[in-house]
Every structure is written in structure tokens, then in C-alpha cells.
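**Q** Quick one: the structure is below, and I'll ask about it shortly.
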Amino acid sequence: LQALWEQRMIEKNPVLELDIRLATVEEKKLAADTLLAELEQTGDCLLFERWPLFRGELEQSVARFGRWLEELLNRVEEHRGEISQEFFGGEDFGPITGLSADQADLHFHGRSAAVMRTEKGSFLYKPRSCGLDDFYCRLVGRWFSDITRAPKTVPGEGYGFCQFIVGETPGSPEDTSAYFENFGGLCALFQALGSSDLHYENFIAQGRYPVLVDVETLLTPSPKVFNDPEIFPDVPARQEDFIFDQNRSLYPSSLLPSLQGGTQMSPLLAPSLPAVWGYEEDFFRGFSKIYDRCIELRDQLAEFLQETGAFPVRRLLGQRS
């Protein structure tokens, strides 16, 4: 469908063949309307004639979705009591009234995270180990509950359920000041943990508290191969020292200002969250305070981190030219 849509745009404006991203909103809408009209006239024949393998892929996707949905509902029922206790104060959440998985990436053989809506509220299903989510919740509760909140978790075997966090914009300049002081402190904690890929979509503002809602890359191990001189013998010592320091700064975290495809990825400047402009001093003050706290707690944090060997963590690898 994407290919057909782009083809309709190029037919109207050949310049777009150079870069489809140059298409205007009007061109995109016209192409979509044209393609929709064609599909309504020809049914599914247009797609299947152009791409014969698409029918088989579609059938596999439908079957995969059915298996995922059955698995999900069985797991919800298995943990109904725990979910009700942790997320709804012990009150049964009742029947499921809605399910949304359209914003999540597909992982683990076509599975995706999902928002489950019920009569009593919503909660999240994650088709991966939630050991790290539970670890982060306990870490925050023990030492950092004054600067952030962490979603409660009901872990399963290779999957889990997490509390649904409702966003709330800071209501006053004082609240915004406190929000960025807390965000600064949170960034110091993320640097201490070696976190990465913490772009704006992974955060929700809840009043004075920035809340991390996707902790999959909270701990990011650095493979030894990156520092192996036998594999990279031509890396100058000066550059190696720079890369070492860079990888242990906030640079890999996506917290600092960064544009990707014209979109600001930093949670400090993203349009969906409060912007840091005018609150820089609050941010730096919070960073310094929690950085000092992490140093004071160094031995305790190191001991607490020992248990992370019991569950998987994720590292994103990219190739740069």
C-alpha cells in the first residue's frame, strides 16, 4: 500500500521520485484518495495481482495476530488477581472494553505491546520480560521517589503487565521549575546506569514528575568487542579515549537535542512535553544533586545492580558511514 501510494504521488509530480519526502500535504491526500477509489473499484485484485506473495503474507499475519490475541487474553486472565491488586487497589477491573496495539513495534515473532482498556481503567501488556521494569520500579521506590515515578509491574514468565501512566502537564511556572529540576536529576541517574535510546516517546509528564514508561534500554551494556584492539587496531589512542568518555556521557541516551527526519527526539525539547528553555538552571541543579547522590550510594547501587544478570536487557546497534 505504501508503494502504491507513493507511486500515485510520483505519477502526478515526477520530481518526487528524487525524494518522496518533498511531497506536500495536498499531494499526499490526493494520492491517498486516488488509491482508495481504485481499491474500492477493483477489490483486493489490484494488490494481489501486483504482488502475488502478498496474499500469503496477509494470511500469515492474520493467523499470527489470532495467536497473539489468544495468548494475550489467556495471560490477562491468569494474572487477573495480581493486576487488580497492583493497579486497581484490589478491585476487579471487570471486562476488557478495548485494546490498542497500533503504536507499538512488533517484536518476538510478531508480538507487540498493547494498551488494555477496562471498566476500571487501563494497563499495559508487554510481550517481553518485565524483570527490568520491576527492577526500575524498586530502584526508584528505594532511592529516587522524590524526583520521579515508576509504573508498577506484574511480571510473568517472559512477559508482564505495567501500570498505565496518565499524563498531566505542569500547572504553573513553579511546577515546571520542579519538573526540570527532577528531570535533571533523572538524567544523572540515567548516566550512572548507562541508559540509551531515551527519546521523547518514552516519557510522560505527570505534574512535577518526568516519568520513564519504556525501560527496555535503561541498562545498555557495552560489548567488549568495541574496545578490542585486535579487531580495531587502527583506532588512535586519543580517539579511543574520546569514544570511551562519549559512550559514558549522556550522548548515547537521546536525552540531548537531536533531530531525526526533522523530528526533535530529545524529551527536553519535544513538542509533546514541556520545553527546557528558561529552566536550564533548574535542570543543572537537579543533575548535580542526584549525581552527588549516586556517588554517595555507589556501593549500594552496585550491589543492587548485581541482580540484573537474571533478566535480559536490550542494546540497539547501528551502522554509521
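Note on naming: chains are A, B, ... as they come in the C-alpha cells, residues start from 1 per chain, ligands start from 1 in the order shown.
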Among region 56-284 of chain A, which ones does DSSP place in strand (DSSP E), written as a PyMOL selection string?

**A** chain A and resi 96-100+106-107+111-112+114-118+121-126+153-155+160-163+203-206+209-212+259-260+263-264

**Q** Of the residues A:Glu78, A:Glu70, A:Glu17, A:Glu6, which is the one nearest to Thr34 (chain A), using only C-alpha atoms?

**A**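 Closest to Thr34 (chain A), using only C-alpha atoms: A:Glu6.
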
**Q** Mind pulling up the distance from CA of Gln2 (chain A) to CA of Val15 (chain A)?

**A**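 Taking CA of Val15 (chain A) and CA of Gln2 (chain A), their separation equals 17.9 Å.
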
**Q** Can you tell me how far CA of Ser172 (chain A) sits from CA of Pro257 (chain A), in Å to one decimal?

**A**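 These atoms are spaced 24.3 Å apart.
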
**Q** Grab the CA of Gln300 (chain A) to CA of Pro252 (chain A) distance for me, in Å with one decimal place.

**A**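 Interatomic distance here is 25.1 Å.
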
**Q** Can you pull out every residue within 10 Å of Gly156 (chain A), counting only C-alpha atoms, but drop anything in the same chain fewer than 6 positions away, and send it as a PDB file with N, CA, C and O atoms, in the first residue's frame?

**A**
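Output (around_3.pdb):
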```pdb
ATOM      1  N   ARG A  75      -3.243 -14.774  29.208  1.00  0.00           N
ATOM      2  CA  ARG A  75      -2.316 -14.253  30.221  1.00  0.00           C
ATOM      3  C   ARG A  75      -2.994 -13.229  31.127  1.00  0.00           C
ATOM      4  O   ARG A  75      -2.716 -13.168  32.332  1.00  0.00           O
ATOM      5  N   GLU A  78      -4.972 -15.190  33.601  1.00  0.00           N
ATOM      6  CA  GLU A  78      -4.092 -15.865  34.557  1.00  0.00           C
ATOM      7  C   GLU A  78      -3.630 -14.927  35.661  1.00  0.00           C
ATOM      8  O   GLU A  78      -3.482 -15.335  36.819  1.00  0.00           O
ATOM      9  N   HIS A  79      -3.427 -13.659  35.320  1.00  0.00           N
ATOM     10  CA  HIS A  79      -2.898 -12.694  36.296  1.00  0.00           C
ATOM     11  C   HIS A  79      -3.959 -11.676  36.732  1.00  0.00           C
ATOM     12  O   HIS A  79      -3.604 -10.618  37.263  1.00  0.00           O
ATOM     13  N   LYS A 126       3.123  -6.213  27.983  1.00  0.00           N
ATOM     14  CA  LYS A 126       4.391  -6.219  27.271  1.00  0.00           C
ATOM     15  C   LYS A 126       4.806  -7.667  27.029  1.00  0.00           C
ATOM     16  O   LYS A 126       4.950  -8.446  27.983  1.00  0.00           O
ATOM     17  N   PRO A 127       5.007  -8.054  25.748  1.00  0.00           N
ATOM     18  CA  PRO A 127       5.324  -9.448  25.417  1.00  0.00           C
ATOM     19  C   PRO A 127       6.806  -9.777  25.566  1.00  0.00           C
ATOM     20  O   PRO A 127       7.378 -10.499  24.746  1.00  0.00           O
ATOM     21  N   ARG A 128       7.423  -9.229  26.545  1.00  0.00           N
ATOM     22  CA  ARG A 128       8.842  -9.479  26.824  1.00  0.00           C
ATOM     23  C   ARG A 128       9.018  -9.523  28.329  1.00  0.00           C
ATOM     24  O   ARG A 128       8.115  -9.158  29.091  1.00  0.00           O
ATOM     25  N   SER A 129      10.175  -9.947  28.743  1.00  0.00           N
ATOM     26  CA  SER A 129      10.464  -9.984  30.173  1.00  0.00           C
ATOM     27  C   SER A 129      10.314  -8.599  30.789  1.00  0.00           C
ATOM     28  O   SER A 129      10.820  -7.614  30.252  1.00  0.00           O
ATOM     29  N   CYS A 130       9.613  -8.515  31.902  1.00  0.00           N
ATOM     30  CA  CYS A 130       9.438  -7.241  32.607  1.00  0.00           C
ATOM     31  C   CYS A 130      10.284  -7.197  33.873  1.00  0.00           C
ATOM     32  O   CYS A 130       9.997  -6.431  34.800  1.00  0.00           O
ATOM     33  N   GLY A 131      11.334  -8.044  33.885  1.00  0.00           N
ATOM     34  CA  GLY A 131      12.233  -8.018  35.036  1.00  0.00           C
ATOM     35  C   GLY A 131      12.885  -6.667  35.213  1.00  0.00           C
ATOM     36  O   GLY A 131      13.052  -6.175  36.340  1.00  0.00           O
TER      37      GLY A 131
END
```

**Q** DSSP says alpha helix (DSSP H) for which residues of region 256-297 of chain A? Put them as a compact mmCIF listing (two decimals) with all heavy atoms, in the first residue's frame?

**A**
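So out.txt came out as:
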```txt
# COMPACT_ATOMS: atom_id res chain seq x y z
N GLU A 280 16.91 26.11 32.48
CA GLU A 280 18.20 25.42 32.41
C GLU A 280 18.86 25.30 33.78
O GLU A 280 19.42 24.25 34.12
CB GLU A 280 19.14 26.13 31.44
CG GLU A 280 18.69 26.09 29.98
CD GLU A 280 17.82 27.29 29.62
OE1 GLU A 280 17.21 27.89 30.53
OE2 GLU A 280 17.76 27.63 28.42
N GLU A 281 18.79 26.36 34.58
CA GLU A 281 19.43 26.33 35.89
C GLU A 281 18.78 25.29 36.79
O GLU A 281 19.46 24.61 37.58
CB GLU A 281 19.36 27.71 36.55
CG GLU A 281 20.24 28.76 35.86
CD GLU A 281 21.71 28.35 35.84
OE1 GLU A 281 22.19 27.80 36.87
OE2 GLU A 281 22.38 28.55 34.81
N ASP A 282 17.46 25.15 36.69
CA ASP A 282 16.77 24.12 37.47
C ASP A 282 17.26 22.73 37.05
O ASP A 282 17.50 21.87 37.90
CB ASP A 282 15.25 24.22 37.25
CG ASP A 282 14.70 25.57 37.65
OD1 ASP A 282 14.85 25.94 38.82
OD2 ASP A 282 14.14 26.25 36.78
N PHE A 283 17.39 22.55 35.75
CA PHE A 283 17.86 21.26 35.22
C PHE A 283 19.25 20.92 35.74
O PHE A 283 19.49 19.82 36.25
CB PHE A 283 17.85 21.31 33.69
CG PHE A 283 18.36 20.05 33.04
CD1 PHE A 283 17.51 18.99 32.80
CD2 PHE A 283 19.70 19.92 32.69
CE1 PHE A 283 17.98 17.81 32.20
CE2 PHE A 283 20.17 18.76 32.09
CZ PHE A 283 19.31 17.71 31.85
N PHE A 284 20.17 21.88 35.65
CA PHE A 284 21.55 21.63 36.09
C PHE A 284 21.62 21.41 37.60
O PHE A 284 22.42 20.59 38.08
CB PHE A 284 22.46 22.78 35.68
CG PHE A 284 22.65 22.89 34.19
CD1 PHE A 284 22.51 24.11 33.54
CD2 PHE A 284 22.95 21.77 33.43
CE1 PHE A 284 22.68 24.22 32.17
CE2 PHE A 284 23.12 21.87 32.06
CZ PHE A 284 22.98 23.09 31.43
N ARG A 285 20.79 22.13 38.33
CA ARG A 285 20.79 21.96 39.79
C ARG A 285 20.33 20.54 40.15
O ARG A 285 20.92 19.89 41.02
CB ARG A 285 19.87 22.99 40.43
CG ARG A 285 19.82 22.91 41.96
CD ARG A 285 19.13 24.10 42.60
NE ARG A 285 17.77 24.26 42.11
CZ ARG A 285 17.38 25.23 41.27
NH1 ARG A 285 18.27 26.12 40.85
NH2 ARG A 285 16.13 25.32 40.88
N GLY A 286 19.28 20.08 39.48
CA GLY A 286 18.80 18.73 39.76
C GLY A 286 19.81 17.67 39.35
O GLY A 286 20.00 16.67 40.06
N PHE A 287 20.49 17.89 38.21
CA PHE A 287 21.50 16.94 37.76
C PHE A 287 22.61 16.82 38.80
O PHE A 287 23.03 15.73 39.17
CB PHE A 287 22.07 17.38 36.42
CG PHE A 287 23.02 16.40 35.80
CD1 PHE A 287 22.57 15.48 34.86
CD2 PHE A 287 24.37 16.38 36.15
CE1 PHE A 287 23.44 14.55 34.29
CE2 PHE A 287 25.24 15.47 35.59
CZ PHE A 287 24.78 14.55 34.65
N SER A 288 23.10 17.97 39.27
CA SER A 288 24.19 17.98 40.23
C SER A 288 23.80 17.28 41.54
O SER A 288 24.58 16.50 42.10
CB SER A 288 24.62 19.42 40.51
OG SER A 288 25.65 19.48 41.47
N LYS A 289 22.57 17.53 42.00
CA LYS A 289 22.12 16.96 43.27
C LYS A 289 22.07 15.43 43.20
O LYS A 289 22.57 14.73 44.09
CB LYS A 289 20.75 17.52 43.63
CG LYS A 289 20.19 16.98 44.93
CD LYS A 289 18.86 17.62 45.29
CE LYS A 289 17.76 17.17 44.36
NZ LYS A 289 16.41 17.68 44.77
N ILE A 290 21.47 14.90 42.14
CA ILE A 290 21.33 13.45 42.05
C ILE A 290 22.64 12.79 41.63
O ILE A 290 22.91 11.63 42.00
CB ILE A 290 20.19 13.09 41.07
CG1 ILE A 290 18.89 13.70 41.58
CG2 ILE A 290 20.04 11.57 40.94
CD1 ILE A 290 18.49 13.26 42.99
N TYR A 291 23.49 13.51 40.89
CA TYR A 291 24.81 12.97 40.58
C TYR A 291 25.57 12.72 41.88
O TYR A 291 26.18 11.65 42.06
CB TYR A 291 25.58 13.96 39.69
CG TYR A 291 26.84 13.41 39.08
CD1 TYR A 291 26.83 12.84 37.81
CD2 TYR A 291 28.06 13.47 39.75
CE1 TYR A 291 27.98 12.34 37.23
CE2 TYR A 291 29.21 12.96 39.20
CZ TYR A 291 29.18 12.41 37.93
OH TYR A 291 30.32 11.91 37.36
N ASP A 292 25.52 13.70 42.81
CA ASP A 292 26.17 13.53 44.11
C ASP A 292 25.54 12.38 44.89
O ASP A 292 26.24 11.61 45.57
CB ASP A 292 26.07 14.82 44.92
CG ASP A 292 26.92 15.94 44.36
OD1 ASP A 292 27.83 15.64 43.56
OD2 ASP A 292 26.68 17.12 44.70
N ARG A 293 24.22 12.24 44.78
CA ARG A 293 23.54 11.16 45.49
C ARG A 293 23.99 9.80 44.95
O ARG A 293 24.20 8.86 45.73
CB ARG A 293 22.02 11.28 45.35
CG ARG A 293 21.25 10.22 46.15
CD ARG A 293 19.75 10.32 45.90
NE ARG A 293 19.21 11.60 46.30
CZ ARG A 293 17.92 11.92 46.18
NH1 ARG A 293 17.05 11.04 45.68
NH2 ARG A 293 17.49 13.10 46.55
N CYS A 294 24.13 9.70 43.64
CA CYS A 294 24.58 8.44 43.05
C CYS A 294 25.99 8.07 43.51
O CYS A 294 26.29 6.89 43.73
CB CYS A 294 24.54 8.52 41.52
SG CYS A 294 22.88 8.53 40.81
N ILE A 295 26.84 9.08 43.67
CA ILE A 295 28.19 8.82 44.17
C ILE A 295 28.14 8.33 45.61
O ILE A 295 28.82 7.38 45.99
CB ILE A 295 29.06 10.10 44.05
CG1 ILE A 295 29.32 10.43 42.58
CG2 ILE A 295 30.37 9.92 44.80
CD1 ILE A 295 30.08 11.71 42.36
N GLU A 296 27.30 8.97 46.43
CA GLU A 296 27.16 8.55 47.83
C GLU A 296 26.60 7.13 47.93
O GLU A 296 26.97 6.37 48.84
CB GLU A 296 26.23 9.52 48.56
CG GLU A 296 26.79 10.93 48.72
CD GLU A 296 25.77 11.88 49.30
OE1 GLU A 296 24.65 11.42 49.63
OE2 GLU A 296 26.07 13.08 49.44
```

**Q** So that I can check the surroundings of Ser177 (chain A), please list as a list in words every protein, DNA and RNA residue that reaches within 7 Å of it, counting only C-alpha atoms and ignoring chain neighbours fewer than 4 positions away.

**A**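 In the requested format, the answer is Pro173, Glu181, Tyr279 and Asp282 of chain A.
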
**Q** For Leu132 (chain A), which of A:Val215, A:Gly160, A:Leu53, A:Val25 is the closest residue, counting only C-alpha atoms?

**A**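 Going through A:Val215, A:Gly160, A:Leu53, A:Val25 one by one, the smallest distance to Leu132 (chain A) is for A:Val215.
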
**Q** Check the smallest atom-to-atom distance from each of A:Thr217, A:Phe135, A:Leu269, A:Phe180 to Leu305 (chain A) using only C-alpha atoms, then report the winner.

**A**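 Looking at the shortest contact to Leu305 (chain A), the residue is A:Phe135.
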
**Q** Tell me, as JSON, numbers by chain, which residues lie within 8 Å of Val115 (chain A), counting only C-alpha atoms; anything in the same chain fewer than 3 positions away does not count.

**A** {"A": [99, 100, 101, 122, 123, 124, 125]}

**Q** Would you mind exporting the chosen residues as a PDB file, in the first residue's frame, restricted to C-alpha atoms?

**A**
```
ATOM      1  CA  LEU A  99      -7.371  -2.937  23.093  1.00  0.00           C
ATOM      2  CA  SER A 100      -4.823  -0.825  21.222  1.00  0.00           C
ATOM      3  CA  ALA A 101      -1.525  -2.071  19.813  1.00  0.00           C
ATOM      4  CA  SER A 122      -6.186   0.897  31.574  1.00  0.00           C
ATOM      5  CA  PHE A 123      -2.994  -1.110  31.917  1.00  0.00           C
ATOM      6  CA  LEU A 124      -0.158  -2.195  29.589  1.00  0.00           C
ATOM      7  CA  TYR A 125       0.773  -5.632  28.332  1.00  0.00           C
TER       8      TYR A 125
END
```

**Q** Would you list the contacts of Ile147 (chain A) as a count of residues only, taking every protein, DNA or RNA residue within 7 Å and counting only C-alpha atoms, but skipping same-chain residues closer than 2 positions in sequence?

**A** 6

**Q** Could you check which of A:Trp143, A:Tyr251, A:Tyr136, A:Trp277 is closest to Cys187 (chain A), using only C-alpha atoms?

**A**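 Comparing A:Trp143, A:Tyr251, A:Tyr136, A:Trp277 against Cys187 (chain A), the winner is A:Tyr251.
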